[in-house]
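Undergrad: This is my_file.txt, which holds compact mmCIF, C-alpha atoms:
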# COMPACT_ATOMS: atom_id res chain seq x y z
CA PHE A 1 -49.74 -14.82 -5.14
CA PHE A 2 -50.77 -16.67 -1.99
CA PHE A 3 -48.99 -19.85 -3.02
CA PHE A 4 -45.84 -17.90 -3.99
CA PHE A 5 -45.84 -16.14 -0.59
CA PHE A 6 -46.44 -19.45 1.22
CA GLU A 7 -43.54 -21.13 -0.64
CA GLN A 8 -41.19 -18.28 0.21
CA GLU A 9 -42.12 -18.42 3.90
CA MET A 10 -41.64 -22.19 3.95
CA ARG A 11 -38.18 -21.77 2.43
CA LYS A 12 -37.23 -19.22 5.11
CA THR A 13 -38.53 -21.50 7.87
CA THR A 14 -36.59 -24.47 6.47
CA VAL A 15 -33.36 -22.45 6.31
CA ARG A 16 -33.81 -21.31 9.93
CA LEU A 17 -34.45 -24.90 11.01
CA LEU A 18 -31.44 -26.31 9.17
CA LYS A 19 -29.10 -23.71 10.69
CA HIS A 20 -29.85 -25.16 14.14
CA LEU A 21 -29.03 -28.72 13.09
CA SER A 22 -25.59 -30.26 12.96
CA PRO A 23 -24.22 -31.22 9.51
CA LEU A 24 -24.81 -34.90 10.25
CA GLU A 25 -28.38 -34.20 11.41
CA ARG A 26 -29.02 -32.16 8.26
CA SER A 27 -27.91 -34.95 5.93
CA ARG A 28 -30.07 -37.48 7.77
CA MET A 29 -33.06 -35.14 7.77
CA VAL A 30 -32.79 -34.71 4.00
CA ALA A 31 -32.57 -38.49 3.56
CA ASP A 32 -35.65 -39.01 5.75
CA MET A 33 -37.63 -36.32 3.91
CA GLU A 34 -36.78 -37.76 0.52
CA SER A 35 -37.72 -41.28 1.55
CA GLY A 36 -40.99 -40.03 3.05
CA TYR A 37 -42.06 -37.34 0.58
CA GLY A 38 -40.28 -38.14 -2.65
CA ALA A 39 -39.68 -41.82 -3.06
CA SER A 40 -38.46 -41.32 -6.61
CA MET A 41 -35.60 -39.15 -5.27
CA ALA A 42 -34.70 -41.36 -2.33
CA VAL A 43 -31.38 -43.21 -2.28
CA TYR A 44 -31.74 -46.86 -1.35
CA ILE A 45 -29.24 -48.00 1.28
CA PRO A 46 -29.58 -51.63 2.39
CA ASP A 47 -29.86 -52.40 6.08
CA THR A 48 -26.84 -54.67 5.89
CA PHE A 49 -23.88 -54.81 3.52
CA ASN A 50 -20.26 -55.91 3.51
CA PRO A 51 -18.18 -52.71 3.74
CA ASN A 52 -15.04 -54.59 2.66
CA THR A 53 -16.38 -55.68 -0.73
CA ILE A 54 -19.24 -53.38 -1.74
CA ALA A 55 -18.47 -51.25 -4.84
CA LYS A 56 -21.46 -48.90 -4.69
CA LEU A 57 -23.75 -47.75 -1.88
CA GLY A 58 -26.80 -45.81 -2.92
CA ASN A 59 -25.49 -43.47 -5.62
CA MET A 60 -22.00 -43.37 -4.11
CA ASP A 61 -19.09 -45.11 -5.84
CA ILE A 62 -16.53 -46.91 -3.67
CA CYS A 63 -12.99 -47.14 -5.08
CA ARG A 64 -10.30 -49.30 -3.53
CA SER A 65 -7.42 -49.44 -6.02
CA ILE A 66 -5.23 -46.56 -7.20
CA VAL A 67 -6.06 -47.19 -10.86
CA GLU A 68 -9.79 -47.29 -10.14
CA MET A 69 -9.65 -44.02 -8.16
CA LYS A 70 -7.62 -42.22 -10.83
CA GLU A 71 -10.06 -43.24 -13.55
CA ARG A 72 -13.05 -42.15 -11.47
CA SER A 73 -11.41 -38.81 -10.63
CA ARG A 74 -10.73 -38.07 -14.28
CA SER A 75 -14.38 -38.67 -15.12
CA LEU A 76 -15.53 -36.46 -12.21
CA ARG A 77 -13.10 -33.59 -12.67
CA TYR A 78 -13.01 -33.20 -16.42
CA THR A 79 -16.50 -34.09 -17.71
CA THR A 80 -18.76 -31.38 -16.25
CA PRO A 81 -17.79 -27.68 -16.37
CA PRO A 82 -18.48 -26.34 -12.85
CA SER A 83 -19.92 -23.11 -14.26
CA ARG A 84 -22.73 -25.13 -15.79
CA LEU A 85 -24.00 -25.97 -12.31
CA ASN A 86 -23.08 -22.62 -10.73
CA ARG A 87 -20.13 -24.10 -8.83
CA LYS A 88 -16.61 -22.83 -8.28
CA HIS A 89 -14.89 -26.19 -8.90
CA ALA A 90 -15.58 -29.56 -10.48
CA LEU A 91 -14.06 -31.87 -7.81
CA GLY A 92 -13.63 -31.34 -4.08
CA PHE A 93 -11.79 -33.71 -1.75
CA VAL A 94 -12.04 -34.36 1.99
CA PRO A 95 -9.28 -36.66 3.36
CA THR A 96 -10.23 -38.40 6.62
CA MET A 97 -9.19 -41.27 8.86
CA GLY A 98 -12.80 -42.31 9.41
CA GLN A 99 -14.88 -42.33 12.60
CA LEU A 100 -16.77 -39.48 10.99
CA HIS A 101 -18.30 -36.71 13.07
CA ASP A 102 -19.91 -33.33 12.43
CA GLY A 103 -16.51 -31.75 11.82
CA HIS A 104 -15.99 -34.01 8.81
CA MET A 105 -19.54 -33.43 7.65
CA ALA A 106 -19.03 -29.66 7.72
CA LEU A 107 -16.03 -30.09 5.41
CA ILE A 108 -18.14 -32.23 3.09
CA GLU A 109 -20.89 -29.60 3.10
CA ALA A 110 -18.35 -26.92 2.21
CA SER A 111 -17.07 -29.03 -0.67
CA GLN A 112 -20.58 -29.73 -1.93
CA ALA A 113 -21.40 -26.01 -1.77
CA GLU A 114 -18.46 -25.15 -4.03
CA CYS A 115 -17.90 -28.26 -6.15
CA VAL A 116 -19.97 -30.30 -8.58
CA PHE A 117 -18.59 -33.57 -7.17
CA THR A 118 -17.10 -34.52 -3.79
CA THR A 119 -14.77 -37.40 -2.98
CA VAL A 120 -13.93 -38.53 0.57
CA SER A 121 -11.07 -40.83 1.54
CA ILE A 122 -10.93 -43.05 4.63
CA PHE A 123 -7.47 -44.27 5.59
CA VAL A 124 -5.87 -44.57 9.02
CA ASN A 125 -2.35 -43.63 8.00
CA PRO A 126 0.27 -45.57 9.99
CA THR A 127 3.19 -43.26 9.13
CA GLN A 128 1.75 -40.29 11.03
CA PHE A 129 1.51 -42.22 14.30
CA GLY A 130 4.59 -42.29 16.50
CA ALA A 131 5.81 -45.01 18.84
CA GLY A 132 3.38 -45.55 21.69
CA GLU A 133 0.56 -43.63 20.00
CA ASP A 134 -2.96 -44.94 19.39
CA PHE A 135 -2.70 -46.37 15.86
CA GLU A 136 -3.94 -49.84 16.84
CA LYS A 137 -6.83 -48.58 18.96
CA TYR A 138 -7.76 -45.63 16.74
CA PRO A 139 -11.56 -45.93 16.27
CA ARG A 140 -12.64 -47.63 13.06
CA ASN A 141 -16.24 -48.19 11.93
CA LEU A 142 -16.32 -48.49 8.15
CA ASP A 143 -19.92 -49.74 7.94
CA ARG A 144 -21.17 -46.68 9.85
CA ASP A 145 -18.95 -44.24 7.93
CA LEU A 146 -20.03 -45.49 4.49
CA ARG A 147 -23.68 -45.25 5.46
CA ILE A 148 -23.21 -41.66 6.67
CA LEU A 149 -21.42 -40.67 3.47
CA ALA A 150 -24.06 -42.25 1.24
CA GLU A 151 -26.79 -40.41 3.15
CA ALA A 152 -24.85 -37.17 2.71
CA ARG A 153 -24.82 -37.66 -1.10
CA VAL A 154 -21.05 -37.95 -1.40
CA ASP A 155 -20.20 -38.93 -4.97
CA CYS A 156 -17.19 -41.18 -4.37
CA VAL A 157 -15.28 -42.75 -1.47
CA TYR A 158 -11.67 -43.86 -1.73
CA LEU A 159 -10.60 -46.71 0.57
CA PRO A 160 -6.88 -47.29 0.00
CA THR A 161 -5.06 -50.09 1.79
CA LYS A 162 -1.77 -49.93 3.64
CA GLU A 163 -0.29 -52.29 1.04
CA SER A 164 -1.24 -49.99 -1.86
CA MET A 165 0.02 -46.83 -0.14
CA TYR A 166 3.22 -48.34 1.26
CA PRO A 167 4.14 -51.45 -0.74
CA PRO A 168 7.25 -53.51 0.14
CA GLY A 169 10.40 -51.53 -0.57
CA TYR A 170 8.69 -48.16 -0.20
CA ASN A 171 11.37 -45.52 0.47
CA THR A 172 10.08 -42.11 -0.69
CA TYR A 173 8.75 -39.55 1.78
CA SER A 174 7.65 -35.93 1.64
CA TYR A 175 8.94 -33.61 4.35
CA TYR A 176 8.20 -30.03 5.45
CA LYS A 177 11.47 -28.58 6.76
CA GLY A 178 11.23 -27.53 10.39
CA ALA A 179 7.83 -29.10 11.05
CA ASP A 180 9.25 -31.41 13.71
CA GLU A 181 10.85 -28.50 15.55
CA LYS A 182 7.69 -26.72 16.74
CA TYR A 183 4.16 -27.23 18.04
CA GLU A 184 2.83 -30.71 17.34
CA GLY A 185 6.12 -31.75 15.72
CA LEU A 186 8.01 -31.44 19.00
CA ASN A 187 5.61 -33.86 20.66
CA ARG A 188 5.10 -36.30 17.76
CA ASP A 189 8.35 -37.28 16.07
CA GLY A 190 7.83 -37.92 12.35
CA HIS A 191 4.15 -37.00 12.46
CA PHE A 192 4.25 -34.31 9.81
CA GLN A 193 6.45 -36.36 7.51
CA GLY A 194 3.70 -38.99 7.61
CA VAL A 195 0.96 -36.39 7.03
CA SER A 196 2.85 -34.74 4.18
CA THR A 197 3.64 -38.07 2.52
CA ILE A 198 0.14 -39.51 2.60
CA CYS A 199 -1.42 -36.24 1.45
CA THR A 200 1.05 -35.99 -1.44
CA LYS A 201 -0.05 -39.45 -2.54
CA LEU A 202 -3.77 -38.84 -2.03
CA PHE A 203 -3.71 -35.46 -3.81
CA ASN A 204 -1.93 -37.02 -6.80
CA ILE A 205 -4.33 -39.96 -6.97
CA VAL A 206 -7.61 -38.08 -6.44
CA ASP A 207 -6.42 -34.94 -8.32
CA PRO A 208 -9.03 -32.56 -6.85
CA ASN A 209 -9.54 -28.90 -7.65
CA ALA A 210 -9.82 -28.15 -3.93
CA VAL A 211 -9.03 -29.95 -0.66
CA TYR A 212 -11.10 -29.17 2.44
CA VAL A 213 -9.49 -29.31 5.91
CA GLY A 214 -10.29 -27.93 9.36
CA GLN A 215 -8.42 -25.18 11.19
CA LYS A 216 -8.09 -27.16 14.43
CA ASP A 217 -4.59 -28.37 13.52
CA ALA A 218 -3.06 -25.07 12.38
CA MET A 219 0.37 -26.54 11.63
CA GLN A 220 -1.15 -29.21 9.40
CA CYS A 221 -2.96 -26.50 7.40
CA LEU A 222 0.37 -24.75 6.84
CA VAL A 223 2.07 -27.98 5.77
CA LEU A 224 -0.67 -28.78 3.25
CA GLY A 225 -0.72 -25.24 1.86
CA SER A 226 3.02 -25.40 1.31
CA LEU A 227 2.74 -28.90 -0.14
CA VAL A 228 0.40 -27.95 -2.99
CA ARG A 229 2.40 -24.79 -3.74
CA ASP A 230 5.94 -26.21 -3.62
CA PHE A 231 5.05 -29.35 -5.58
CA ASN A 232 3.06 -27.29 -8.12
CA MET A 233 -0.13 -29.27 -7.62
CA ASN A 234 -3.17 -28.11 -9.53
CA THR A 235 -5.31 -27.76 -6.42
CA GLU A 236 -5.99 -25.38 -3.56
CA VAL A 237 -6.37 -25.93 0.18
CA ARG A 238 -9.56 -24.59 1.76
CA VAL A 239 -9.29 -24.16 5.53
CA CYS A 240 -12.70 -24.31 7.20
CA PRO A 241 -13.74 -23.19 10.71
CA VAL A 242 -13.40 -25.53 13.67
CA VAL A 243 -16.69 -27.34 14.36
CA ARG A 244 -17.51 -27.53 18.04
CA GLU A 245 -19.83 -29.24 20.48
CA LEU A 246 -22.48 -27.10 22.14
CA ASP A 247 -20.11 -26.44 25.04
CA GLY A 248 -17.32 -25.38 22.68
CA LEU A 249 -15.09 -28.47 22.63
CA ALA A 250 -13.55 -28.95 19.19
CA LEU A 251 -14.88 -32.10 17.54
CA SER A 252 -12.35 -34.93 17.28
CA SER A 253 -12.50 -38.66 16.74
CA ARG A 254 -10.43 -38.98 19.90
CA ASN A 255 -13.08 -37.35 22.09
CA ILE A 256 -14.61 -40.79 22.60
CA TYR A 257 -11.56 -41.72 24.70
CA LEU A 258 -12.51 -39.16 27.37
CA SER A 259 -14.33 -40.14 30.55
CA PRO A 260 -17.51 -38.16 31.33
CA GLU A 261 -15.54 -36.07 33.85
CA GLU A 262 -12.73 -35.40 31.37
CA ARG A 263 -15.21 -34.60 28.62
CA SER A 264 -16.88 -31.97 30.80
CA ASP A 265 -13.52 -30.53 31.85
CA ALA A 266 -12.27 -30.31 28.25
CA ALA A 267 -14.86 -27.63 27.46
CA GLY A 268 -12.54 -25.29 29.33
CA ILE A 269 -10.05 -25.39 26.43
CA ASN A 270 -12.22 -23.43 24.04
CA LYS A 271 -13.67 -21.31 26.83
CA SER A 272 -10.15 -20.07 27.54
CA LEU A 273 -9.10 -19.56 23.91
CA GLU A 274 -12.34 -17.80 23.01
CA GLU A 275 -11.85 -15.32 25.85
CA VAL A 276 -8.27 -14.66 24.75
CA ASN A 277 -9.37 -14.03 21.16
CA ASN A 278 -12.23 -11.77 22.23
CA ASN A 279 -9.86 -9.76 24.43
CA TYR A 280 -7.38 -9.52 21.56
CA ARG A 281 -10.07 -8.26 19.16
CA MET A 282 -11.05 -5.54 21.65
CA ILE A 283 -7.38 -4.49 21.87
CA LEU A 284 -7.24 -4.24 18.07
CA GLN A 285 -10.21 -1.89 18.11
CA ALA A 286 -8.67 0.21 20.90
CA ILE A 287 -5.29 0.49 19.18
CA HIS A 288 -6.82 2.71 16.49
CA THR A 289 -8.35 5.14 18.97
CA GLU A 290 -6.28 5.00 22.15
CA ASN A 291 -2.73 4.49 23.33
CA PHE A 292 -2.79 0.67 23.21
CA ARG A 293 -0.19 -1.72 21.83
CA HIS A 294 -0.22 -5.30 20.61
CA PRO A 295 0.43 -7.79 23.42
CA THR A 296 3.69 -9.74 23.33
CA ALA A 297 3.80 -13.49 22.84
CA LYS A 298 4.81 -13.93 26.48
CA GLU A 299 1.85 -11.88 27.70
CA LEU A 300 -0.57 -13.82 25.52
CA LYS A 301 0.76 -17.20 26.67
CA GLU A 302 0.54 -16.08 30.31
CA GLN A 303 -3.08 -15.11 29.74
CA VAL A 304 -3.86 -18.52 28.20
CA ASN A 305 -2.11 -20.41 31.00
CA HIS A 306 -3.93 -18.33 33.62
CA LEU A 307 -7.30 -19.15 32.05
CA PHE A 308 -6.34 -22.81 31.69
CA SER A 309 -5.56 -22.98 35.40
CA LYS A 310 -9.02 -21.55 36.10
CA ASN A 311 -11.05 -23.49 33.51
CA ILE A 312 -9.22 -26.84 33.28
CA LYS A 313 -8.75 -29.08 36.31
CA LEU A 314 -8.15 -32.57 34.90
CA GLY A 315 -6.23 -31.84 31.69
CA LYS A 316 -2.53 -31.06 31.42
CA PRO A 317 -1.45 -28.54 28.74
CA ASP A 318 1.25 -29.96 26.45
CA TYR A 319 2.02 -26.62 24.86
CA VAL A 320 0.69 -23.13 24.23
CA SER A 321 2.10 -21.71 21.01
CA VAL A 322 1.86 -18.33 19.31
CA GLY A 323 2.95 -18.58 15.68
CA SER A 324 3.73 -15.83 13.21
CA ASN A 325 0.95 -14.93 10.78
CA THR A 326 3.41 -15.13 7.87
CA ASP A 327 5.48 -18.26 8.45
CA MET A 328 4.12 -19.77 11.70
CA ARG A 329 7.53 -19.63 13.35
CA GLU A 330 7.26 -19.46 17.11
CA LEU A 331 7.21 -15.81 18.20
CA ALA A 332 9.89 -14.73 20.66
CA ASP A 333 8.61 -13.76 24.11
CA ASP A 334 9.08 -10.04 23.48
CA GLU A 335 7.63 -10.02 19.94
CA ALA A 336 4.34 -8.27 19.31
CA VAL A 337 1.43 -10.51 18.39
CA THR A 338 -0.08 -9.05 15.24
CA GLN A 339 -3.49 -9.80 13.76
CA GLY A 340 -3.68 -13.21 12.14
CA SER A 341 -1.09 -14.87 14.40
CA PHE A 342 -1.89 -18.47 15.23
CA LEU A 343 -2.73 -19.43 18.81
CA SER A 344 -2.37 -23.24 18.99
CA VAL A 345 -2.67 -25.50 22.02
CA ALA A 346 -2.63 -29.17 22.95
CA VAL A 347 -4.06 -30.48 26.20
CA ARG A 348 -3.53 -34.01 27.43
CA TYR A 349 -6.08 -36.15 29.27
CA GLY A 350 -4.24 -39.32 30.14
CA SER A 351 -2.97 -40.65 26.80
CA THR A 352 -5.46 -38.55 24.81
CA ARG A 353 -4.24 -35.27 23.34
CA LEU A 354 -6.76 -32.65 22.24
CA LEU A 355 -5.84 -29.86 19.80
CA ASP A 356 -7.40 -26.46 19.25
CA ALA A 357 -6.43 -23.27 17.43
CA TYR A 358 -7.53 -19.72 16.77
CA ARG A 359 -6.35 -17.19 14.21
CA LEU A 360 -6.12 -14.19 16.51
CA GLY A 361 -8.16 -11.11 15.73
CA TYR A 362 -10.45 -12.78 13.22
CA ASP A 363 -13.92 -14.26 13.42
CA PRO A 364 -13.56 -18.01 14.12
CA GLU A 365 -16.19 -18.62 11.40
CA ASP A 366 -13.93 -17.27 8.65
CA TYR A 367 -12.67 -19.47 5.80
CA TRP A 368 -9.15 -19.34 4.35
CA THR A 369 -7.62 -20.42 1.03
CA SER A 370 -4.01 -21.30 0.20
CA SER A 371 -2.17 -18.96 -2.16
CA ASP A 372 0.97 -18.85 -4.29
CA THR A 373 2.69 -16.78 -1.60
CA PRO A 374 4.72 -18.94 0.82
CA THR A 375 2.67 -19.92 3.90
CA GLU A 376 0.02 -17.27 3.19
CA PHE A 377 -3.69 -18.05 3.36
CA ILE A 378 -6.23 -15.63 1.92
CA ARG A 379 -9.24 -14.76 4.05
CA ASP A 380 -12.42 -15.80 2.29
CA SER A 381 -16.12 -15.21 2.79
CA LYS A 382 -17.34 -15.45 6.35
CA ASN A 383 -19.48 -18.47 5.62
CA ILE A 384 -19.62 -20.18 2.25
CA LEU A 385 -22.62 -22.24 3.36
CA ASN A 386 -24.71 -19.17 4.32
CA PRO A 387 -23.04 -16.22 2.51
Could you take the file, read its structure, and then write that structure out as structure tokens?
TA:
Amino acid sequence: FFFFFFEQEMRKTTVRLLKHLSPLERSRMVADMESGYGASMAVYIPDTFNPNTIAKLGNMDICRSIVEMKERSRSLRYTTPPSRLNRKHALGFVPTMGQLHDGHMALIEASQAECVFTTVSIFVNPTQFGAGEDFEKYPRNLDRDLRILAEARVDCVYLPTKESMYPPGYNTYSYYKGADEKYEGLNRDGHFQGVSTICTKLFNIVDPNAVYVGQKDAMQCLVLGSLVRDFNMNTEVRVCPVVRELDGLALSSRNIYLSPEERSDAAGINKSLEEVNNNYRMILQAIHTENFRHPTAKELKEQVNHLFSKNIKLGKPDYVSVGSNTDMRELADDEAVTQGSFLSVAVRYGSTRLLDAYRLGYDPEDYWTSSDTPTEFIRDSKNILNP
């Protein structure tokens, strides 16, 4: 009995400890523990390797060609019934552009919690960058990224090339109608055509049961949800909570562009949006008991801009958008903001643009899943990692 009680208490202590670590810290801690306390379980990762030629790192397969990735996906998705390992799906997929951070690792953790196997892609997609944007200087560190993914026990990494994705004579593009007329689309001509096109290709090649993306770019989530529905893809889009720094700044690969002063100032973005969402949730509670009404889009934007002026001194807001909770169209100034509407913002620090988003009236830790209903996402469990 004593040993059973001791084991249970150790499990509880370990869970409490892991909750306070970032996803990247958790994966590294597990790797360190296995190498120190269970050498037979440890994954060997060499100190040096050539990231451009290596085909396997630890237990992680590295695929570079389309044919190779398709064959590997078939073996991952269709060989092991997920129910056999108490999982919801066989194959989960996390598309990235590299320079991995804790936001990416949280998506990987979510996939690993629900899927038997997880594949990650790394590809800096040129077609989603506009003229004058940071495609050439976008951070790239393949050696570091592969090491992180191997430590995190990812099953497969897909490293497509520009030549394989867009060979000479390439002329076919996917497009979400109206995406370039609102939010990010107004500021980045052709961006969502590039996102939609590359994701169409990646989803067809990897053929996952579920794709895991973050809520930070709300419009992108809508585009991907519509993509899998309208093209009848046999997959679902899982939208995961925004992962933030301790001061609330949404994690982004572009955060490294910020100066120390800008980085400190940028914490005011989430500080403002969090206050707006908290105020909105209190209004929702009061509506049921008192003579309150939903705020209008104009009132909500004025509140955000007021808080930005108080909390942000170095950044310049590009836009503050309130989108409908059914089709993400921009709400008219006098329209009521109902629960689930999207509050999306972009703030510029020099040439660096930072995005953030809240789904108003809901807990920011909620998960969402695409559905067969146009543009609708179904609210899921509060936290699939700690249900």
Undergrad: In Å to one decimal, how far is CA of Glu163 (chain A) from CA of Met97 (chain A)?
TA: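 Between these atoms lies a distance of 16.2 Å.
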Undergrad: Calculate how many Å separate CA of Ala267 (chain A) from CA of Gly315 (chain A), rounding to one decimal.
TA: 10.5 Å
Undergrad: Could you list, as a list in words, every residue within 6 Å of region 207-219 of chain A, counting only C-alpha atoms and ignoring same-chain residues fewer than 6 positions away?
TA: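 After dropping sequence-adjacent residues, the list is Leu91, Gly92, Phe93, Val94, Leu107, Thr235, Glu236, Val237, Arg238, Val239, Cys240, Pro241, Val242, Asp356 and Ala357 of chain A.
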Undergrad: Pick out the residues sitting within 10 Å of region 186-199 of chain A, and hand them over as a VMD selection string; count only C-alpha atoms, and ignore anything fewer than 3 positions along from it in its own chain.
TA: chain A and resid 95 123 125 to 131 133 165 to 166 172 to 183 202 to 205 219 to 220 223 to 224 226 to 228 318 to 319 346
Undergrad: From the set A:Thr48, A:Ser341, A:Asn255, A:Ser121, which residue has the shortest atom-to-atom contact distance to Ala297 (chain A), counting all atoms listed in the file?
TA: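 So, comparing all the options, the nearest one is A:Ser341.
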Undergrad: Gln112 (chain A): which residues within 10 Å, counting all atoms listed in the file, same-chain residues fewer than 3 positions away excluded, as a list in words?
TA: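 Near Gln112 (chain A), the qualifying residues are Arg87, His89, Ala90, Leu91, Gly92, Phe93, Ala106, Leu107, Ile108, Glu109, Cys115, Val116, Phe117, Thr118, Thr119, Ala152, Arg153, Val154, Asp155 and Leu385 of chain A.
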Undergrad: Let me see the file: selected residues, C-alpha atoms, as a PDB file, keeping the file's coordinate frame.
TA:
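Okay, this is what ended up in again.pdb:
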ATOM      1  CA  ARG A  87     -20.130 -24.100  -8.830  1.00  0.00           C
ATOM      2  CA  HIS A  89     -14.890 -26.190  -8.900  1.00  0.00           C
ATOM      3  CA  ALA A  90     -15.580 -29.560 -10.480  1.00  0.00           C
ATOM      4  CA  LEU A  91     -14.060 -31.870  -7.810  1.00  0.00           C
ATOM      5  CA  GLY A  92     -13.630 -31.340  -4.080  1.00  0.00           C
ATOM      6  CA  PHE A  93     -11.790 -33.710  -1.750  1.00  0.00           C
ATOM      7  CA  ALA A 106     -19.030 -29.660   7.720  1.00  0.00           C
ATOM      8  CA  LEU A 107     -16.030 -30.090   5.410  1.00  0.00           C
ATOM      9  CA  ILE A 108     -18.140 -32.230   3.090  1.00  0.00           C
ATOM     10  CA  GLU A 109     -20.890 -29.600   3.100  1.00  0.00           C
ATOM     11  CA  CYS A 115     -17.900 -28.260  -6.150  1.00  0.00           C
ATOM     12  CA  VAL A 116     -19.970 -30.300  -8.580  1.00  0.00           C
ATOM     13  CA  PHE A 117     -18.590 -33.570  -7.170  1.00  0.00           C
ATOM     14  CA  THR A 118     -17.100 -34.520  -3.790  1.00  0.00           C
ATOM     15  CA  THR A 119     -14.770 -37.400  -2.980  1.00  0.00           C
ATOM     16  CA  ALA A 152     -24.850 -37.170   2.710  1.00  0.00           C
ATOM     17  CA  ARG A 153     -24.820 -37.660  -1.100  1.00  0.00           C
ATOM     18  CA  VAL A 154     -21.050 -37.950  -1.400  1.00  0.00           C
ATOM     19  CA  ASP A 155     -20.200 -38.930  -4.970  1.00  0.00           C
ATOM     20  CA  LEU A 385     -22.620 -22.240   3.360  1.00  0.00           C
TER      21      LEU A 385
END
Undergrad: Please determine, counting all atoms listed in the file, which residue among A:Thr296, A:Arg254, A:Asn50, A:Lys88 has the shortest atom-to-atom distance to Arg140 (chain A).
TA: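 The closest residue to Arg140 (chain A) is A:Arg254.
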Undergrad: Write out as a PDB file with C-alpha atoms, in the frame of the given file which residues come within 12 Å of Asn59 (chain A) when counting only C-alpha atoms, dropping same-chain ones fewer than 4 positions away.
TA:
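In the end it all went to out.pdb:
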ATOM      1  CA  MET A  41     -35.600 -39.150  -5.270  1.00  0.00           C
ATOM      2  CA  ALA A  42     -34.700 -41.360  -2.330  1.00  0.00           C
ATOM      3  CA  VAL A  43     -31.380 -43.210  -2.280  1.00  0.00           C
ATOM      4  CA  TYR A  44     -31.740 -46.860  -1.350  1.00  0.00           C
ATOM      5  CA  ILE A  45     -29.240 -48.000   1.280  1.00  0.00           C
ATOM      6  CA  ALA A  55     -18.470 -51.250  -4.840  1.00  0.00           C
ATOM      7  CA  LEU A 146     -20.030 -45.490   4.490  1.00  0.00           C
ATOM      8  CA  ARG A 147     -23.680 -45.250   5.460  1.00  0.00           C
ATOM      9  CA  LEU A 149     -21.420 -40.670   3.470  1.00  0.00           C
ATOM     10  CA  ALA A 150     -24.060 -42.250   1.240  1.00  0.00           C
ATOM     11  CA  GLU A 151     -26.790 -40.410   3.150  1.00  0.00           C
ATOM     12  CA  ALA A 152     -24.850 -37.170   2.710  1.00  0.00           C
ATOM     13  CA  ARG A 153     -24.820 -37.660  -1.100  1.00  0.00           C
ATOM     14  CA  VAL A 154     -21.050 -37.950  -1.400  1.00  0.00           C
ATOM     15  CA  ASP A 155     -20.200 -38.930  -4.970  1.00  0.00           C
ATOM     16  CA  CYS A 156     -17.190 -41.180  -4.370  1.00  0.00           C
ATOM     17  CA  VAL A 157     -15.280 -42.750  -1.470  1.00  0.00           C
TER      18      VAL A 157
END
Undergrad: For Val124 (chain A), please output as a ChimeraX atom specification all residues within 9 Å (counting all atoms listed in the file; exclusion window: fewer than 5 positions along the same chain).
TA: /A:96-98,135,138,140,162
Undergrad: CA of Gly248 (chain A) and CA of Tyr358 (chain A) are how many Å apart?
TA: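 If I compute the distance from CA of Gly248 (chain A) to CA of Tyr358 (chain A), I get 12.8 Å.
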Undergrad: Give the answer as one residue: which of A:Pro51, A:Glu274, A:Ile256, A:Thr79 has the shortest atom-to-atom distance to Phe308 (chain A), using only C-alpha atoms?
TA: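 Checking each candidate against Phe308 (chain A), we get A:Glu274 as the closest.
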Undergrad: For Leu85 (chain A), which of A:Leu100, A:Ala113, A:Leu159, A:Ala336 is the closest residue, counting all atoms listed in the file?
TA: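 The closest residue to Leu85 (chain A) is A:Ala113.
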